[in-house]
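File shown: entry39.txt. Contents: compact mmCIF, C-alpha atoms and all ligand atoms.
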```
# COMPACT_ATOMS: atom_id res chain seq x y z
CA MET E 26 94.90 0.08 27.09
CA LYS E 27 92.80 3.18 26.75
CA ALA E 28 89.24 4.06 27.68
CA LEU E 29 86.95 6.88 26.65
CA LEU E 30 85.25 8.80 29.44
CA ILE E 31 82.14 10.80 28.51
CA VAL E 32 81.40 13.26 31.28
CA ASP E 33 77.93 14.68 32.00
CA MET E 34 76.54 14.70 28.47
CA LEU E 35 73.13 14.82 30.13
CA ASN E 36 69.98 16.68 29.11
CA ASP E 37 70.24 19.21 31.95
CA PHE E 38 73.69 20.33 30.74
CA VAL E 39 73.06 20.13 27.00
CA GLU E 40 69.45 20.82 26.04
CA ASN E 41 67.94 24.30 25.83
CA TRP E 42 65.40 23.32 28.46
CA GLY E 43 68.14 21.89 30.70
CA ALA E 44 68.47 23.20 34.26
CA LEU E 45 72.16 24.07 33.87
CA LYS E 46 72.80 24.36 30.19
CA VAL E 47 76.43 24.70 29.14
CA GLU E 48 76.48 27.01 26.14
CA GLY E 49 77.81 25.16 23.10
CA ALA E 50 77.59 21.69 24.67
CA LYS E 51 75.39 20.46 21.84
CA GLU E 52 78.07 21.31 19.28
CA ILE E 53 80.58 18.81 20.72
CA ILE E 54 78.19 15.86 20.31
CA PRO E 55 79.21 14.88 16.73
CA TYR E 56 82.91 14.83 17.68
CA ILE E 57 82.26 12.68 20.75
CA LYS E 58 80.07 10.36 18.70
CA THR E 59 82.78 9.85 16.10
CA LEU E 60 85.42 9.28 18.77
CA LYS E 61 83.14 6.78 20.51
CA GLU E 62 82.72 4.85 17.28
CA LYS E 63 86.49 4.75 16.87
CA PHE E 64 86.90 3.35 20.40
CA GLU E 65 84.20 0.76 19.69
CA ARG E 66 85.92 -0.37 16.50
CA GLU E 67 89.12 -0.85 18.49
CA ASP E 68 87.28 -2.66 21.29
CA SER E 69 88.33 0.00 23.78
CA PRO E 70 85.87 0.59 26.62
CA VAL E 71 83.55 3.58 26.77
CA ILE E 72 82.54 4.81 30.21
CA TYR E 73 79.86 7.40 30.89
CA LEU E 74 80.14 9.46 34.06
CA CYS E 75 76.79 10.93 34.97
CA ASP E 76 75.71 13.38 37.64
CA SER E 77 72.85 11.82 39.60
CA HIS E 78 71.79 13.95 42.55
CA ASP E 79 69.38 13.52 45.43
CA LYS E 80 66.58 16.08 45.64
CA ASN E 81 68.30 17.90 48.48
CA ASP E 82 71.85 17.46 47.33
CA PRO E 83 74.34 19.78 49.10
CA GLU E 84 75.55 20.87 45.63
CA PHE E 85 72.24 22.70 45.17
CA LYS E 86 73.54 25.39 47.56
CA ILE E 87 75.97 26.28 44.77
CA TRP E 88 73.89 25.45 41.68
CA PRO E 89 70.23 25.28 40.81
CA ALA E 90 68.83 21.77 41.12
CA HIS E 91 70.02 19.63 38.19
CA CYS E 92 70.38 15.99 37.18
CA VAL E 93 68.10 14.79 39.93
CA GLU E 94 68.03 11.00 39.92
CA GLY E 95 65.12 9.63 37.92
CA THR E 96 64.35 12.86 36.01
CA ARG E 97 64.68 13.42 32.28
CA GLY E 98 67.29 16.05 32.93
CA ALA E 99 69.56 13.39 34.41
CA GLU E 100 69.39 11.20 31.29
CA ILE E 101 72.17 10.93 28.71
CA VAL E 102 71.36 12.96 25.58
CA ASP E 103 69.57 11.02 22.83
CA GLU E 104 72.42 11.40 20.33
CA LEU E 105 74.91 9.66 22.62
CA LYS E 106 72.80 6.91 24.16
CA PRO E 107 75.02 4.14 25.52
CA ASN E 108 74.87 0.64 24.12
CA LYS E 109 74.99 -2.63 26.03
CA LYS E 110 78.77 -2.83 26.09
CA ASP E 111 79.25 0.64 27.55
CA TYR E 112 79.64 1.35 31.25
CA VAL E 113 77.51 3.97 32.97
CA ILE E 114 78.66 5.25 36.35
CA LYS E 115 76.60 7.63 38.47
CA LYS E 116 78.38 10.26 40.49
CA LYS E 117 77.35 12.86 43.04
CA THR E 118 80.27 15.27 42.81
CA TYR E 119 82.40 16.95 40.16
CA SER E 120 84.87 14.06 40.11
CA GLY E 121 84.04 10.78 38.41
CA PHE E 122 86.35 9.07 40.91
CA PHE E 123 84.80 10.32 44.16
CA GLY E 124 82.50 7.76 45.78
CA THR E 125 82.37 5.59 42.63
CA ASN E 126 84.00 2.39 41.41
CA LEU E 127 85.70 4.12 38.47
CA LYS E 128 89.25 3.42 39.69
CA GLU E 129 88.45 -0.27 40.29
CA LEU E 130 86.80 -0.58 36.88
CA LEU E 131 89.74 1.02 35.08
CA ASP E 132 92.16 -1.27 36.92
CA GLU E 133 90.06 -4.33 36.13
CA LEU E 134 90.00 -3.36 32.44
CA LYS E 135 93.78 -2.80 32.55
CA ILE E 136 93.42 0.80 31.43
CA ASP E 137 96.42 3.10 31.73
CA THR E 138 95.21 6.01 29.58
CA VAL E 139 91.88 7.82 29.73
CA TYR E 140 90.53 10.09 27.02
CA ILE E 141 88.16 12.58 28.61
CA THR E 142 85.32 14.33 26.80
CA GLY E 143 82.16 16.17 27.85
CA VAL E 144 81.17 19.09 30.07
CA ALA E 145 81.97 21.26 31.74
CA MET E 146 85.63 21.49 30.80
CA ASN E 147 86.36 23.62 33.88
CA ILE E 148 84.21 21.67 36.34
CA CYS E 149 83.53 17.95 36.04
CA VAL E 150 86.07 17.33 33.27
CA HIS E 151 88.63 19.29 35.31
CA TYR E 152 88.17 17.41 38.58
CA THR E 153 87.88 14.03 36.88
CA ALA E 154 91.10 14.71 34.96
CA ALA E 155 92.82 15.82 38.18
CA ASP E 156 91.79 12.65 40.02
CA ALA E 157 92.76 10.51 37.03
CA ARG E 158 96.27 12.01 37.25
CA MET E 159 96.38 11.63 41.07
CA ASN E 160 95.52 7.97 40.53
CA GLY E 161 98.38 7.55 38.07
CA PHE E 162 96.49 7.43 34.76
CA LYS E 163 97.69 9.16 31.63
CA VAL E 164 95.10 11.66 30.44
CA VAL E 165 94.32 12.79 26.90
CA ILE E 166 91.78 15.55 26.25
CA PRO E 167 90.65 16.27 22.69
CA LEU E 168 89.74 19.94 22.78
CA ARG E 169 86.96 19.46 20.24
CA GLY E 170 85.27 17.08 22.66
CA VAL E 171 84.95 19.39 25.67
CA LYS E 172 83.19 22.67 26.44
CA GLY E 173 83.74 25.08 29.31
CA LEU E 174 81.33 27.58 30.81
CA THR E 175 83.08 30.55 29.20
CA GLU E 176 85.94 31.19 26.80
CA GLU E 177 87.97 32.53 29.69
CA ASP E 178 87.43 29.27 31.59
CA GLU E 179 88.60 27.34 28.53
CA ASP E 180 91.75 29.44 28.16
CA TYR E 181 92.61 28.89 31.81
CA MET E 182 91.89 25.16 31.63
CA ARG E 183 94.10 24.59 28.60
CA LYS E 184 97.02 25.96 30.61
CA GLN E 185 96.03 24.08 33.76
CA PHE E 186 95.72 20.77 31.92
CA LYS E 187 98.94 21.17 30.01
CA ASN E 188 101.24 22.78 32.56
CA ILE E 189 99.93 21.54 35.88
CA LEU E 190 98.32 18.17 35.18
CA ASN E 191 100.52 17.02 32.29
CA VAL E 192 97.46 16.20 30.20
CA LYS E 193 98.01 15.56 26.52
CA LEU E 194 95.78 17.97 24.61
CA ILE E 195 94.62 17.07 21.14
CA ILE E 196 94.11 20.21 19.12
CA GLY E 197 91.97 20.14 16.01
C1 LIG E 201 78.78 20.36 36.42
C2 LIG E 201 78.00 22.22 37.52
C3 LIG E 201 77.41 21.44 38.46
C4 LIG E 201 79.54 19.78 35.30
C5 LIG E 201 78.19 19.57 37.36
O1 LIG E 201 79.12 18.79 34.72
O2 LIG E 201 80.60 20.31 34.98
N1 LIG E 201 78.69 21.68 36.50
N2 LIG E 201 77.52 20.13 38.37
```
Translate this file's structure into structure tokens.
Ligand code: VGL
Amino acid sequence: MKALLIVDMLNDFVENWGALKVEGAKEIIPYIKTLKEKFEREDSPVIYLCDSHDKNDPEFKIWPAHCVEGTRGAEIVDELKPNKKDYVIKKKTYSGFFGTNLKELLDELKIDTVYITGVAMNICVHYTAADARMNGFKVVIPLRGVKGLTEEDEDYMRKQFKNILNVKLIIG
């Protein structure tokens, strides 16, 4: 069984007014939407992983404050709003597995393969993919469904995913 993970498609990372906008993040929305609809038709679970920080989160020593719990910036973008059947998991670090019940949920749903989409390809997608592999899941990343901070980051990540993490990349 497979599941679709949608990582950090939140206003603060996507919208122009967002606190930590990832350039080009808005352009991957239609692809993710279409993929989500495909998963829904096949009755495969869709799981959102969402940064949700405290006001004084230690991460704000590295980054400007973003995705503070309860703010509009922390909300999922309008175009990809979850429906009742979807799962939404809040996280406080780059990895969707750290301090969350993601592993338990995937086991309960009998998932062996996760498709990962969202932002940033070289940050939260990266560490979530790494932990998925460490936990024994197969990982598929459609390149049209992710966006890194820079082109250089994306070049590096394609190699890292393919050669180091044995992720299956879908191109085109
Ligand atoms: C992210 C920077 C800080 C991400 C999260 O979603 O990749 N980037 N926190």
_as a list in words, please: every protein or nucleic acid residue near ligand LIG 201 (chain E) (cut-off 7 Å, counting only C-alpha atoms and all ligand atoms)._
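What falls inside 7 Å of ligand LIG 201 (chain E) is Val32, Asp33, Phe38, Asp76, Trp88, Tyr119, Val144, Ala145, Met146, Asn147, Ile148, Cys149 and Val150 of chain E.
Computed from the coordinates, the CA of Thr153 in chain E to CA of Pro107 in chain E distance equals 19.8 Å.
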*Given all atoms listed in the file as the counted atoms, nearest of E:Thr138, E:Thr59, E:Thr96, E:Ser77 to Leu30 in chain E*: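 The shortest atom-to-atom distance to Leu30 in chain E comes from E:Thr138.
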*Taking all atoms listed in the file into account, which of E:Ala28, E:Phe85, E:Val71, E:His151 comes nearest Asp178 in chain E?*
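With all atoms listed in the file as the atom set, the closest residue is E:His151.
Here CA of Gly170 in chain E and CA of Gly197 in chain E stand 9.9 Å from one another.
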